[in-house]
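Here's the structure we're looking at; comments come further down.
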Amino acid sequence: MSLCSREPRVPAERLVAEMVPPPRFAGARFDTYLPDPAQPSQAEAVEVLSGFAAGLGPGPEPEGGLRRWFGRGRKPAAPAGPRGVYLDGGYGVGKTHLLASLWHATPAEPERKAFGTFVELTNLVGALGFQETVRTLGGHRLLCIDEFELDDPGDTVLVSTLLGKLVEAGVGLAATSNTLPGRLGEGRFAAQDFLREIQGLSAHFRPLRIDGEDYRHRGLPQAPPPATDEEVERAAHATGGASLDTFPALLGHLSRVHPSRYGALTDGVRAVCLTGVHPVPDQSTALRLVVLADRLYDREVPVLASGVPFDQLFGEDMLKGGYRKKYFRAISRLTALARDARRLTDPADGNGADGDRAGRDRARPED
């Protein structure tokens, strides 16, 4: 099949129904998170979030659970005060794993919990409209937002306003965020940036610091050597459910499909095969590719490609610019999927691909 031949249409109700932890984190639980003994804050985060989840039970009073947890038994005079948590940590300390574990541990029906990235949340507002989004999510017990994007002021204001309405409705909130442009090298934590950017909502979030190794000390992951065009085409025809496209054609197609549909674009795809991978030409193209990389990684779809290695996708100016954290994440994720794709050209190497995945789960290198 060809991804470029697909023109998915995604109804709004599917956007809501799919706001759950991605398949890669379907098994994420607090007891599968492996705290670093050298970083006590990681074990503390598990304990605190477990208590937070327990306080978000399905009781009829939406404010009670959070009030009990944050207030330690003291009944406040007003519903003001912290009503959410912000997971504040560097790259690779397991924030997404913990956020997904919180979703799974919260004792409420799945339809009363929502998990999504900042981009997915803004897409939902675009599909439903602001008021309908408030009505849809207002009956939830918990909303988890992964990668709250501080680099888009307009969307930040939009989502902050939405969260304010949800707080009034008694919805529990949990979030992680990226780092503001120009501040990536100034420290590993972004709590002050996050609380400042959400302005009036800052009082509703308790920052939960999670220490760990900073990703800048790890460098870019080593991408496996690319395959040849012939190897990619042969593997595509031999693999059930594989897609085959040229990289330039795919980039062009992504410009014509809204990013909210990239997940649907990969429905039923078991492997993505690409020929002629080259450095992306501009930032708009690069950001669309980042979204596709996230959707493929969430669904654990291996990517076999010819051309340049994935660690050469983004130019040095992009890796030093305001969106550099997104590009580092995309390189890391595409590299992991390229390693998984080795079994497509060498079935005997399947154990190696599985081993890579197991190692990533243990080390949590990018989530």
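Residues are referred to by chain and number: the chain letter is A, B, ... according to the order shown in the structure tokens, the number counts from 1 in that chain, and ligands are numbered separately from 1 in the order shown.
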Taking only residues of segment 209-322 of chain A that have an atom at most 7 Å from an atom of segment 36-42 of chain A, what is each one's shortest atom pair and its distance in Å to one decimal, using only C-alpha atoms, in chain and number order, as a Markdown table?
| residue | atom | partner | partner_atom | distance |
| --- | --- | --- | --- | --- |
| A:Arg209 | CA | A:Ser41 | CA | 6.8 |
| A:Ile210 | CA | A:Ser41 | CA | 5.3 |
| A:Asp211 | CA | A:Ser41 | CA | 6.0 |
| A:Gly212 | CA | A:Gln39 | CA | 6.3 |
For N, CA and C atoms, I'd like the residues from the last selection saved as a CSV table (one decimal), in the first residue's frame.
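Generated output (again07.csv):
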chain,number,residue,atom,x,y,z
A,209,ARG,N,9.1,17.4,40.8
A,209,ARG,CA,10.4,17.3,40.2
A,209,ARG,C,10.8,15.9,40.1
A,210,ILE,N,11.4,15.5,39.0
A,210,ILE,CA,11.9,14.2,38.7
A,210,ILE,C,13.3,14.3,38.2
A,211,ASP,N,14.3,14.1,39.0
A,211,ASP,CA,15.7,14.2,38.6
A,211,ASP,C,16.1,13.0,37.8
A,212,GLY,N,17.1,13.2,37.0
A,212,GLY,CA,17.7,12.1,36.2
A,212,GLY,C,18.7,12.6,35.3
Please list as a JSON list (two decimals) with all heavy atoms, in the first residue's frame every residue within 8 Å of Val277 of chain A, counting only C-alpha atoms and excluding residues in the same chain fewer than 6 positions away.
[["chain", "number", "residue", "atom", "x", "y", "z"],
["A", 246, "THR", "N", 8.08, 6.94, -1.77],
["A", 246, "THR", "CA", 9.32, 7.71, -1.79],
["A", 246, "THR", "C", 9.22, 8.80, -0.73],
["A", 246, "THR", "O", 8.12, 9.31, -0.46],
["A", 246, "THR", "CB", 9.57, 8.36, -3.16],
["A", 246, "THR", "OG1", 8.58, 9.38, -3.40],
["A", 246, "THR", "CG2", 9.52, 7.31, -4.28],
["A", 247, "PHE", "N", 10.33, 9.13, -0.14],
["A", 247, "PHE", "CA", 10.32, 10.13, 0.93],
["A", 247, "PHE", "C", 9.84, 11.49, 0.43],
["A", 247, "PHE", "O", 9.01, 12.14, 1.09],
["A", 247, "PHE", "CB", 11.73, 10.23, 1.54],
["A", 247, "PHE", "CG", 11.80, 11.05, 2.78],
["A", 247, "PHE", "CD1", 11.16, 10.65, 3.95],
["A", 247, "PHE", "CD2", 12.54, 12.24, 2.80],
["A", 247, "PHE", "CE1", 11.25, 11.41, 5.11],
["A", 247, "PHE", "CE2", 12.63, 13.00, 3.96],
["A", 247, "PHE", "CZ", 11.99, 12.59, 5.11],
["A", 248, "PRO", "N", 10.29, 11.98, -0.72],
["A", 248, "PRO", "CA", 9.78, 13.27, -1.19],
["A", 248, "PRO", "C", 8.27, 13.27, -1.40],
["A", 248, "PRO", "O", 7.59, 14.25, -1.07],
["A", 248, "PRO", "CB", 10.53, 13.48, -2.52],
["A", 248, "PRO", "CG", 11.77, 12.68, -2.39],
["A", 248, "PRO", "CD", 11.37, 11.47, -1.61],
["A", 305, "ALA", "N", 14.21, 2.34, 5.64],
["A", 305, "ALA", "CA", 14.43, 3.44, 4.71],
["A", 305, "ALA", "C", 15.78, 3.35, 4.04],
["A", 305, "ALA", "O", 16.75, 2.82, 4.59],
["A", 305, "ALA", "CB", 14.30, 4.78, 5.44],
["A", 306, "SER", "N", 15.83, 3.90, 2.83],
["A", 306, "SER", "CA", 17.09, 4.12, 2.13],
["A", 306, "SER", "C", 17.35, 5.62, 2.08],
["A", 306, "SER", "O", 16.46, 6.43, 2.31],
["A", 306, "SER", "CB", 17.02, 3.53, 0.72],
["A", 306, "SER", "OG", 16.08, 4.25, -0.07],
["A", 307, "GLY", "N", 18.59, 5.98, 1.75],
["A", 307, "GLY", "CA", 18.94, 7.39, 1.70],
["A", 307, "GLY", "C", 19.86, 7.75, 2.85],
["A", 307, "GLY", "O", 20.71, 6.95, 3.25],
["A", 308, "VAL", "N", 19.66, 8.92, 3.44],
["A", 308, "VAL", "CA", 20.52, 9.34, 4.54],
["A", 308, "VAL", "C", 20.02, 8.72, 5.84],
["A", 308, "VAL", "O", 18.82, 8.45, 5.99],
["A", 308, "VAL", "CB", 20.58, 10.88, 4.67],
["A", 308, "VAL", "CG1", 21.04, 11.51, 3.37],
["A", 308, "VAL", "CG2", 19.24, 11.45, 5.10],
["A", 309, "PRO", "N", 20.90, 8.48, 6.82],
["A", 309, "PRO", "CA", 20.44, 7.99, 8.13],
["A", 309, "PRO", "C", 19.54, 9.02, 8.80],
["A", 309, "PRO", "O", 19.60, 10.22, 8.51],
["A", 309, "PRO", "CB", 21.74, 7.81, 8.92],
["A", 309, "PRO", "CG", 22.83, 7.77, 7.88],
["A", 309, "PRO", "CD", 22.36, 8.63, 6.75]]
Could you check which of A:Gly315, A:Gly94, A:Gly321, A:Gly138 is closest to Arg29 of chain A, using only C-alpha atoms? A:Gly94
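Shortest atom-to-atom contact with Asp229 of chain A among A:Val46, A:Leu289, A:Cys273, A:Leu251: A:Cys273, counting only C-alpha atoms.
For Ala174 of chain A, the list of residues within 10 Å, based on only C-alpha atoms and with local chain neighbours fewer than 4 positions off taken out, reads Leu49, Phe52, Arg83, Gly84, Val85, Tyr86, Leu87, Leu99, Leu102, Trp103, Phe115, Leu142, Leu143, Cys144, Ile145, Asp146, Phe205, Arg206 and Pro207 of chain A.
Using only C-alpha atoms, the smallest distance between any of A:Val280, A:Val157, A:Leu319, A:Leu334 and Arg295 of chain A comes from A:Leu334.
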